[in-house]
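Structure file work_26.txt with compact mmCIF, C-alpha atoms:
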# COMPACT_ATOMS: atom_id res chain seq x y z
CA LEU A 1 3.11 3.53 -19.44
CA VAL A 2 4.85 3.85 -16.07
CA SER A 3 2.15 1.67 -14.45
CA LYS A 4 2.87 -1.03 -17.05
CA LEU A 5 6.57 -0.79 -16.20
CA VAL A 6 5.80 -1.18 -12.49
CA ALA A 7 3.49 -4.14 -13.16
CA ALA A 8 6.05 -5.86 -15.41
CA SER A 9 8.83 -5.33 -12.85
CA LEU A 10 6.68 -6.66 -10.02
CA ASP A 11 5.67 -9.69 -12.10
CA ALA A 12 9.31 -10.37 -12.99
CA LEU A 13 10.41 -10.11 -9.35
CA VAL A 14 7.69 -12.46 -8.12
CA ALA A 15 8.40 -14.90 -10.97
CA ALA A 16 12.11 -14.92 -10.14
CA ASN A 17 11.66 -15.14 -6.37
CA GLY A 18 8.43 -17.11 -6.09
CA PRO A 19 5.38 -16.08 -4.10
CA ALA A 20 5.90 -14.44 -0.73
CA PRO A 21 5.91 -16.90 2.15
CA ALA A 22 3.12 -16.47 4.69
CA SER A 23 5.62 -15.42 7.35
CA PRO A 24 9.24 -14.29 7.50
CA PRO A 25 11.93 -16.96 7.87
CA SER A 26 12.23 -18.13 11.47
CA GLY A 27 14.86 -16.31 13.45
CA SER A 28 14.79 -13.26 11.17
CA LYS A 29 13.39 -9.79 11.75
CA GLY A 30 11.46 -9.85 8.47
CA TRP A 31 11.54 -10.73 4.83
CA LYS A 32 14.72 -10.11 2.86
CA ALA A 33 14.13 -7.38 0.28
CA MET A 34 14.27 -8.45 -3.34
CA GLU A 35 17.16 -6.90 -5.24
CA GLY A 36 18.41 -6.54 -8.79
CA GLU A 37 17.48 -4.64 -11.92
CA ASP A 38 13.77 -5.40 -11.65
CA ALA A 39 13.69 -4.16 -8.05
CA ALA A 40 15.47 -0.93 -9.05
CA CYS A 41 13.11 -0.49 -11.99
CA LEU A 42 10.08 -1.05 -9.74
CA ASP A 43 11.41 1.46 -7.20
CA SER A 44 11.97 4.08 -9.92
CA GLY A 45 8.55 3.46 -11.46
CA VAL A 46 6.69 3.78 -8.15
CA ARG A 47 8.67 6.93 -7.31
CA THR A 48 7.83 8.41 -10.72
CA LEU A 49 4.12 7.73 -10.27
CA THR A 50 4.27 9.28 -6.80
CA LEU A 51 5.85 12.45 -8.18
CA LEU A 52 3.40 12.65 -11.09
CA MET A 53 0.41 12.44 -8.74
CA ALA A 54 1.71 14.90 -6.16
CA ASP A 55 0.17 18.34 -6.25
CA GLY A 56 0.86 20.12 -9.53
CA GLU A 57 -0.60 20.91 -12.91
CA GLN A 58 -0.36 17.34 -14.20
CA ALA A 59 -1.60 15.68 -11.00
CA ALA A 60 -5.34 15.67 -11.75
CA SER A 61 -4.99 13.98 -15.12
CA CYS A 62 -2.41 11.51 -13.78
CA VAL A 63 -4.67 10.57 -10.86
CA GLN A 64 -7.60 10.00 -13.24
CA ALA A 65 -5.45 7.80 -15.48
CA PHE A 66 -4.15 5.90 -12.43
CA LEU A 67 -7.65 5.31 -11.03
CA SER A 68 -9.19 4.27 -14.35
CA GLY A 69 -6.19 2.30 -15.57
CA GLY A 70 -5.89 -0.25 -12.77
CA GLY A 71 -3.38 1.66 -10.66
CA VAL A 72 -5.05 0.96 -7.32
CA PRO A 73 -5.04 -2.86 -7.67
CA LEU A 74 -1.44 -2.64 -8.85
CA PHE A 75 -0.41 -0.61 -5.81
CA MET A 76 -2.36 -3.01 -3.57
CA ARG A 77 -0.10 -5.76 -4.95
CA VAL A 78 2.95 -3.57 -4.33
CA LEU A 79 1.89 -2.80 -0.76
CA ALA A 80 1.05 -6.47 -0.08
CA GLU A 81 4.43 -7.78 -1.27
CA PRO A 82 6.52 -7.93 1.93
CA ARG A 83 9.83 -8.39 0.10
CA LEU A 84 9.83 -4.94 -1.50
CA SER A 85 11.90 -2.12 -0.03
CA GLU A 86 10.74 0.48 2.45
CA SER A 87 11.17 3.07 -0.31
CA VAL A 88 8.73 1.26 -2.61
CA HIS A 89 6.16 0.77 0.16
CA GLY A 90 6.56 4.35 1.36
CA ASN A 91 6.08 5.85 -2.09
CA ALA A 92 3.09 3.61 -2.86
CA ALA A 93 1.45 4.62 0.43
CA LEU A 94 2.26 8.29 -0.25
CA THR A 95 0.57 8.03 -3.66
CA ILE A 96 -2.61 6.61 -2.10
CA SER A 97 -2.43 9.32 0.56
CA ASN A 98 -2.16 12.06 -2.08
CA ILE A 99 -5.16 10.64 -3.95
CA ALA A 100 -7.19 10.31 -0.73
CA LYS A 101 -6.64 14.02 0.02
CA HIS A 102 -9.38 14.75 -2.48
CA ALA A 103 -12.88 13.66 -1.43
CA GLN A 104 -13.98 13.12 -5.03
CA HIS A 105 -11.53 10.20 -5.32
CA LEU A 106 -12.62 8.37 -2.16
CA PRO A 107 -15.42 6.42 -3.91
CA ALA A 108 -12.91 5.04 -6.43
CA LEU A 109 -10.66 3.96 -3.57
CA ARG A 110 -13.62 2.48 -1.65
CA ALA A 111 -14.20 0.12 -4.57
CA HIS A 112 -10.99 -1.68 -3.58
CA THR A 113 -11.91 -2.63 -0.03
CA GLN A 114 -13.30 -6.15 -0.27
CA PRO A 115 -13.53 -7.66 3.18
CA PRO A 116 -10.51 -9.80 3.99
CA LYS A 117 -10.31 -12.18 6.91
CA PRO A 118 -9.70 -9.99 9.96
CA ALA A 119 -6.15 -10.81 11.05
CA GLY A 120 -3.44 -13.29 11.82
CA GLY A 121 -2.55 -16.43 9.97
CA ASP A 122 0.99 -15.35 9.25
CA GLY A 123 2.60 -15.15 12.65
CA THR A 124 1.96 -11.43 13.07
CA SER A 125 -1.07 -11.29 15.31
CA GLY A 126 -3.36 -8.37 14.60
CA VAL A 127 -2.12 -7.58 11.11
CA PRO A 128 -3.83 -8.70 7.88
CA SER A 129 -2.17 -11.62 6.13
CA VAL A 130 -0.23 -11.16 2.89
CA ALA A 131 -3.16 -12.67 0.95
CA ALA A 132 -5.71 -10.41 2.67
CA ALA A 133 -3.54 -7.36 1.98
CA GLY A 134 -3.59 -8.14 -1.73
CA ALA A 135 -7.40 -8.14 -1.72
CA CYS A 136 -8.15 -4.95 0.22
CA LEU A 137 -6.58 -1.49 0.04
CA VAL A 138 -7.15 -0.81 3.75
CA ALA A 139 -5.60 -4.17 4.69
CA ALA A 140 -2.60 -3.52 2.43
CA LEU A 141 -1.95 -0.14 4.04
CA LEU A 142 -2.48 -1.57 7.53
CA ARG A 143 0.09 -4.27 6.83
CA VAL A 144 2.69 -1.67 5.81
CA ALA A 145 1.84 0.54 8.81
CA TYR A 146 2.11 -2.37 11.24
CA VAL A 147 5.13 -4.19 9.85
CA GLY A 148 7.14 -0.99 9.30
CA GLN A 149 7.27 -0.30 13.05
CA GLY A 150 7.50 3.46 12.74
CA ASN A 151 9.64 3.75 9.60
CA THR A 152 8.77 6.24 6.86
CA ALA A 153 6.68 3.70 4.95
CA SER A 154 4.57 2.94 8.03
CA LYS A 155 4.02 6.64 8.68
CA ASN A 156 2.98 7.25 5.06
CA ALA A 157 0.59 4.28 5.31
CA ALA A 158 -0.88 5.65 8.55
CA ILE A 159 -1.44 9.05 6.91
CA ALA A 160 -3.13 7.39 3.93
CA LEU A 161 -5.38 5.40 6.29
CA ALA A 162 -6.32 8.53 8.22
CA ARG A 163 -7.30 10.23 4.96
CA LEU A 164 -9.27 7.17 3.80
CA ALA A 165 -11.16 7.25 7.11
CA GLN A 166 -13.05 10.33 5.86
CA GLU A 167 -15.20 7.89 3.86
CA PRO A 168 -17.69 6.11 6.21
CA GLN A 169 -17.33 2.68 4.57
CA LEU A 170 -13.54 2.90 4.65
CA LEU A 171 -13.67 3.96 8.29
CA ALA A 172 -15.88 0.94 9.05
CA ARG A 173 -13.35 -1.37 7.34
CA LEU A 174 -10.55 0.29 9.28
CA LYS A 175 -12.38 -0.30 12.57
CA GLN A 176 -13.15 -3.90 11.61
CA LEU A 177 -9.46 -4.58 11.07
CA ARG A 178 -8.45 -2.76 14.29
CA GLY A 179 -6.68 -0.18 12.19
CA LEU A 180 -7.27 2.79 14.45
CA GLU A 181 -4.95 1.19 17.02
CA ILE A 182 -2.27 0.72 14.36
CA ILE A 183 -2.61 4.33 13.19
CA TYR A 184 -2.34 5.51 16.80
CA SER A 185 0.82 3.42 17.34
CA CYS A 186 2.41 4.99 14.23
CA ALA A 187 1.54 8.49 15.43
CA ARG A 188 3.39 8.09 18.74
Take the structure in the file and give it back as C-alpha cells.
Amino acid sequence: LVSKLVAASLDALVAANGPAPASPPSGSKGWKAMEGEDAACLDSGVRTLTLLMADGEQAASCVQAFLSGGGVPLFMRVLAEPRLSESVHGNAALTISNIAKHAQHLPALRAHTQPPKPAGGDGTSGVPSVAAAGACLVAALLRVAYVGQGNTASKNAAIALARLAQEPQLLARLKQLRGLEIIYSCAR
C-alpha cells in the first residue's frame, strides 16, 4: 500500500512538473527540488518504507513484499529523479542498503542492473545520465552518490553500493561505471 502511495505521488509530481531536464538550469548549482503536497507525501512514504525495512520483526516480510511487488524499480525511479529532496534520496538509498546487507537478497537486486551507457550526456562528466539511472540500480545509486557531493544521501548511496559490491556481477557493473572512484570520494 505504501509503495502504491509513493508511486502515485511520484507520478503526480512528474506529471505536474514535466520530465526532468537532462541537466540542471545553466548558472544553477543543481535542480530545484519539487515541492507541495505530493512531494511531502512522497517523502513520508519513502521514509515509512525505510523504517519498515530496517532491522526488526517486520523487516523480513516487508523486504519480501518490496522485492516481489516492484519496489526496486520504483526506488530506481525515485533515485533517478534529480528534483526530489535529499531526504527522499537518502531514505531510498538507505532502504536499498538495508536490503543489500543480506546476501540472500543480492540476486533480486542484481536483476535490476541492465547496462546503461557508461557516463556523461548531461553535463556531469563521469556520472550516469538521468535516463541511465532510471534503467539500472547501480547507476541510480551512483548518480545520487556523485551529485550529492558528500551529503547524507550521497553517503547512504555509497554505503548501498559498497554492500551491492559483494555480488560479483554488481561489482563488475560498479567498475564499468567507475563507481569505485565515486564511493572512495564519498568516504573521504
* Distance in Å - CA of Asn156 in chain A versus CA of Leu49 in chain A -> 15.4 Å
* In Å, rounded to a single decimal, give me how far CA of Glu57 in chain A is from CA of Val88 in chain A. => 24.1 Å
* For His112 in chain A, list every protein, DNA or RNA residue within 8 Å, evaluated using all atoms listed in the file, and leave out those in the same chain fewer than 6 positions away; present the list as a ChimeraX atom specification. => /A:72-73,135-137
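Closest to Leu106 in chain A among A:Leu177, A:Ala8, A:Ala39, A:Leu170 is A:Leu170, based on all atoms listed in the file.
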* Selection near range 92-97 of chain A, 10 Å with all atoms listed in the file, sequence-local residues under 2 positions removed, as a PyMOL selection string -> chain A and resi 43+46-47+49-54+63+71-72+74-76+78-79+86-90+99-102+109+137+140-141+144-145+152-164
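With all atoms listed in the file as the basis for measurement, A:Thr113 is the residue among A:Gly150, A:Arg143, A:Asn98, A:Thr113 that approaches Glu167 in chain A most closely.
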* Between A:Val147, A:Ala103, A:Ala65, A:Ala40, which one has atoms that come closest to Ser185 in chain A, using only C-alpha atoms? ->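 That would be A:Val147, the residue with the smallest distance to Ser185 in chain A.
CA of Gly36 in chain A to CA of Leu142 in chain A spans 27.0 Å [interatomic distance, one decimal].
Using only C-alpha atoms for every distance, the candidate list A:Gln176, A:Ser68, A:Ala108, A:Arg77 yields A:Arg77 as the residue closest to Ala7 in chain A.
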* **Shell around Pro168 in chain A at 10 Å using all atoms listed in the file, local window under 5 positions removed, as a PyMOL selection string** => chain A and resi 110+173-174
